[in-house]
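**Q** Starting off with a structure, shown below.
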Amino acid sequence: MSTLHALVRGKTPIRPIDALRGGAGALLGLLFAGILGRFAVGGGDWLHPLLVAPIGASAVLVFAVPASPLAQPRSVLGGNIVSALIGVTVAMLIPQTLIAAPLAVGLAIGVMMLLGCLHPPGGAVALICVIGGPKVAEAGYLFALNPVLVDSLLLTGAGMIWGRITGHSYPHRPPVTAPTRTAGYNTADLDAALARYGELLDVSREDLDALFREVELSAAQRLHAQIRCGDVMSREVISLHHDQSAESALAYLAEHELRAAPVVDAEGRVIGMARRAELQTNRRRKVEAALDPFVHKVMETTPIAALLPILSSGHTHEAMVVDGDRRLIGVITQTDLIAVLYRAHVVESVVGA
């Protein structure tokens, strides 16, 4: 039964809502392109929409997989028009259909790839230019303008409208990824892997990068979800009082060889961070004058996975552990996080072996 279910739905089943969105979008998009296209060229018979067959395949890409590089407006417009021009040219130069048809498709694919506008329905456009019959032959290069260009423009326009209605960007905009980190892979590693893979993928490099980073984060959260901040924090915290002088704070930091320390109020609540540079500038004033109110605070029960994006960004070196009243009870530094990640890695390696 499970095998039959997998055969029917596939290994990666599409969510019903996505199937509904893709099918409804294609239905409305082709109606829009066909009827408006008919009126755009001076005809009024909306019962005979202006559509060329390969536009149906273009609709599959635009409305079912709008994030695909093959579905972007550049690919739809460029791929279909280039293929039409090549198909018409080959049909004019070579009267033998047996030779002209495969030659037109092959040339169309090669040129689309070279121009960066690969669009699978373009192959069908090139083919129909050769085997489309007397009407296509009579139209000649005008066939690339009407209906190919008209249909392609209206279809991509419908895709943009449908994307806005359904909350999906079209043209597709890859998600913004986190800055390159010192740990894990970087963009050069991704480029090298793609070069070694040696195959054209129907997904952009930027989307792959975003996906891999999400996988990294999910894996880290799964591995470290059971480790809490209270398990790894340092309880002996060197802190400064907001009401003490900057001069004494500088001496205190120098005594403990620190560059920064959390600042607490009279009740022991964390209100910010003080660093040597700001204290030097305000050394004749109180600590609160040199206070940076921005500080990351977590609870003892917070999983350490929540600290991974914070302490790995390169902008923050520590997070303060506070109780329910924001009173300081501990601190977790990048060193603490590295230590616990290393221990978890060792345990995982032993268990895996």
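Scheme for the structure tokens: letters A, B, ... for chains in order shown; per-chain residue numbers from 1; ligand numbers from 1 in order shown.
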List every residue of region 251-296 of chain A that has an atom at most 10 Å from any atom of region 224-238 of chain A, giving for each one its closest atom pair and the distance in Å to one decimal, counting only C-alpha atoms, sorted by chain and then by ascending residue number, as a tab-separated table.
**A**
residue	atom	partner	partner_atom	distance
A:Tyr252	CA	A:Ile238	CA	9.0
A:Leu253	CA	A:Ile238	CA	8.6
A:His256	CA	A:Ile238	CA	8.2
A:Leu258	CA	A:Ile238	CA	8.9
A:Ala260	CA	A:Ile238	CA	9.4
A:Ala261	CA	A:Ile238	CA	6.5
A:Pro262	CA	A:Ile238	CA	7.5
A:Val263	CA	A:Ile238	CA	9.3
**Q** I'd like the contact shell of Ser83 (chain A) - 8 Å cut-off, only C-alpha atoms, skipping same-chain residues fewer than 2 positions apart - returned as a PDB file with N, CA and C atoms, in the first residue's frame.
**A**
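And here is the file that came out, around_15.pdb:
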ATOM      1  N   GLY A  79      13.677  32.868 -24.222  1.00  0.00           N
ATOM      2  CA  GLY A  79      13.698  31.504 -24.736  1.00  0.00           C
ATOM      3  C   GLY A  79      12.698  31.280 -25.857  1.00  0.00           C
ATOM      4  N   ASN A  80      11.477  31.751 -25.664  1.00  0.00           N
ATOM      5  CA  ASN A  80      10.452  31.545 -26.691  1.00  0.00           C
ATOM      6  C   ASN A  80      10.736  32.335 -27.960  1.00  0.00           C
ATOM      7  N   ILE A  81      11.164  33.583 -27.800  1.00  0.00           N
ATOM      8  CA  ILE A  81      11.393  34.423 -28.993  1.00  0.00           C
ATOM      9  C   ILE A  81      12.619  33.941 -29.765  1.00  0.00           C
ATOM     10  N   LEU A  85      12.598  32.545 -33.674  1.00  0.00           N
ATOM     11  CA  LEU A  85      13.424  33.097 -34.742  1.00  0.00           C
ATOM     12  C   LEU A  85      14.295  32.012 -35.374  1.00  0.00           C
ATOM     13  N   ILE A  86      14.861  31.158 -34.522  1.00  0.00           N
ATOM     14  CA  ILE A  86      15.699  30.072 -35.053  1.00  0.00           C
ATOM     15  C   ILE A  86      14.856  29.086 -35.843  1.00  0.00           C
ATOM     16  N   GLY A  87      13.682  28.735 -35.304  1.00  0.00           N
ATOM     17  CA  GLY A  87      12.817  27.775 -35.990  1.00  0.00           C
ATOM     18  C   GLY A  87      12.373  28.270 -37.358  1.00  0.00           C
ATOM     19  N   ALA A 104      16.447  22.598 -35.759  1.00  0.00           N
ATOM     20  CA  ALA A 104      15.876  23.796 -35.143  1.00  0.00           C
ATOM     21  C   ALA A 104      15.842  23.671 -33.634  1.00  0.00           C
ATOM     22  N   VAL A 105      15.420  22.513 -33.151  1.00  0.00           N
ATOM     23  CA  VAL A 105      15.345  22.307 -31.696  1.00  0.00           C
ATOM     24  C   VAL A 105      16.739  22.317 -31.087  1.00  0.00           C
ATOM     25  N   ALA A 108      18.127  25.827 -31.055  1.00  0.00           N
ATOM     26  CA  ALA A 108      17.402  26.649 -30.088  1.00  0.00           C
ATOM     27  C   ALA A 108      17.900  26.381 -28.668  1.00  0.00           C
ATOM     28  N   ILE A 109      18.098  25.124 -28.340  1.00  0.00           N
ATOM     29  CA  ILE A 109      18.586  24.778 -26.997  1.00  0.00           C
ATOM     30  C   ILE A 109      19.975  25.356 -26.770  1.00  0.00           C
ATOM     31  N   MET A 112      19.810  29.227 -26.481  1.00  0.00           N
ATOM     32  CA  MET A 112      19.185  29.622 -25.211  1.00  0.00           C
ATOM     33  C   MET A 112      20.157  29.461 -24.054  1.00  0.00           C
ATOM     34  N   GLY A 122      10.683  26.465 -25.182  1.00  0.00           N
ATOM     35  CA  GLY A 122      11.313  27.033 -26.365  1.00  0.00           C
ATOM     36  C   GLY A 122      11.613  25.967 -27.405  1.00  0.00           C
ATOM     37  N   GLY A 123      11.956  24.765 -26.974  1.00  0.00           N
ATOM     38  CA  GLY A 123      12.188  23.677 -27.923  1.00  0.00           C
ATOM     39  C   GLY A 123      10.942  23.369 -28.727  1.00  0.00           C
ATOM     40  N   VAL A 125       8.545  25.546 -29.317  1.00  0.00           N
ATOM     41  CA  VAL A 125       8.323  26.695 -30.204  1.00  0.00           C
ATOM     42  C   VAL A 125       9.131  26.519 -31.483  1.00  0.00           C
ATOM     43  N   ALA A 126      10.402  26.139 -31.349  1.00  0.00           N
ATOM     44  CA  ALA A 126      11.239  25.927 -32.536  1.00  0.00           C
ATOM     45  C   ALA A 126      10.669  24.817 -33.413  1.00  0.00           C
TER      46      ALA A 126
END
**Q** Skipping near chain neighbours, those fewer than 5 positions away, what residues fall within 7 Å of Pro171 (chain A) using only C-alpha atoms, listed as a list of chain:residue names?
**A**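 Contacts, with the query itself left out: A:Gln72, A:Pro73, A:Met160.
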**Q** Considering only C-alpha atoms, return as a list of chain:residue names whatever protein or nucleic-acid residues lie within 6 Å of Leu50 (chain A), sequence-local ones (same chain, fewer than 3 positions apart) excluded.
**A**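 Once the adjacent positions are removed, what remains is A:Gly34, A:Gly37, A:Arg38.
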**Q** So that I have them on file, write out the residues from the current selection with C-alpha atoms, as a JSON list (two decimals), in the first residue's frame.
**A**
[["chain", "number", "residue", "atom", "x", "y", "z"],
["A", 34, "GLY", "CA", -5.38, 34.16, -24.80],
["A", 37, "GLY", "CA", -3.89, 38.57, -26.92],
["A", 38, "ARG", "CA", -6.76, 38.14, -29.36]]
**Q** Could you give me the residues within region 286-331 of chain A that DSSP places in strand (DSSP E), as a ChimeraX atom specification?
**A** /A:297-298,318-322,328-331
**Q** Let me make sure I understand: among A:Ile94, A:Leu107, A:Ala277, A:Ala158, which one has the smallest atom-to-atom distance to Pro66 (chain A) if we use only C-alpha atoms?
**A**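 Among the listed residues, the smallest separation from Pro66 (chain A) belongs to A:Ala158.
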**Q** Write out as a PyMOL selection string each polymer residue whose atoms come within 6 Å of region 281-287 of chain A, counting only C-alpha atoms; drop sequence neighbours fewer than 6 positions from it.
**A** chain A and resi 242-247
**Q** With only C-alpha atoms as the basis for distance, which of A:Cys129, A:Ala139, A:Ala84, A:Val150 is at the shortest distance from Val111 (chain A)?
**A**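 That would be A:Ala84, the residue with the smallest distance to Val111 (chain A).
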**Q** Using only C-alpha atoms, which of A:Val148, A:Phe63, A:Ile271, A:Lys297 sits nearest Leu20 (chain A)?
**A**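 Of A:Val148, A:Phe63, A:Ile271, A:Lys297, the one nearest Leu20 (chain A), counting only C-alpha atoms, is A:Phe63.
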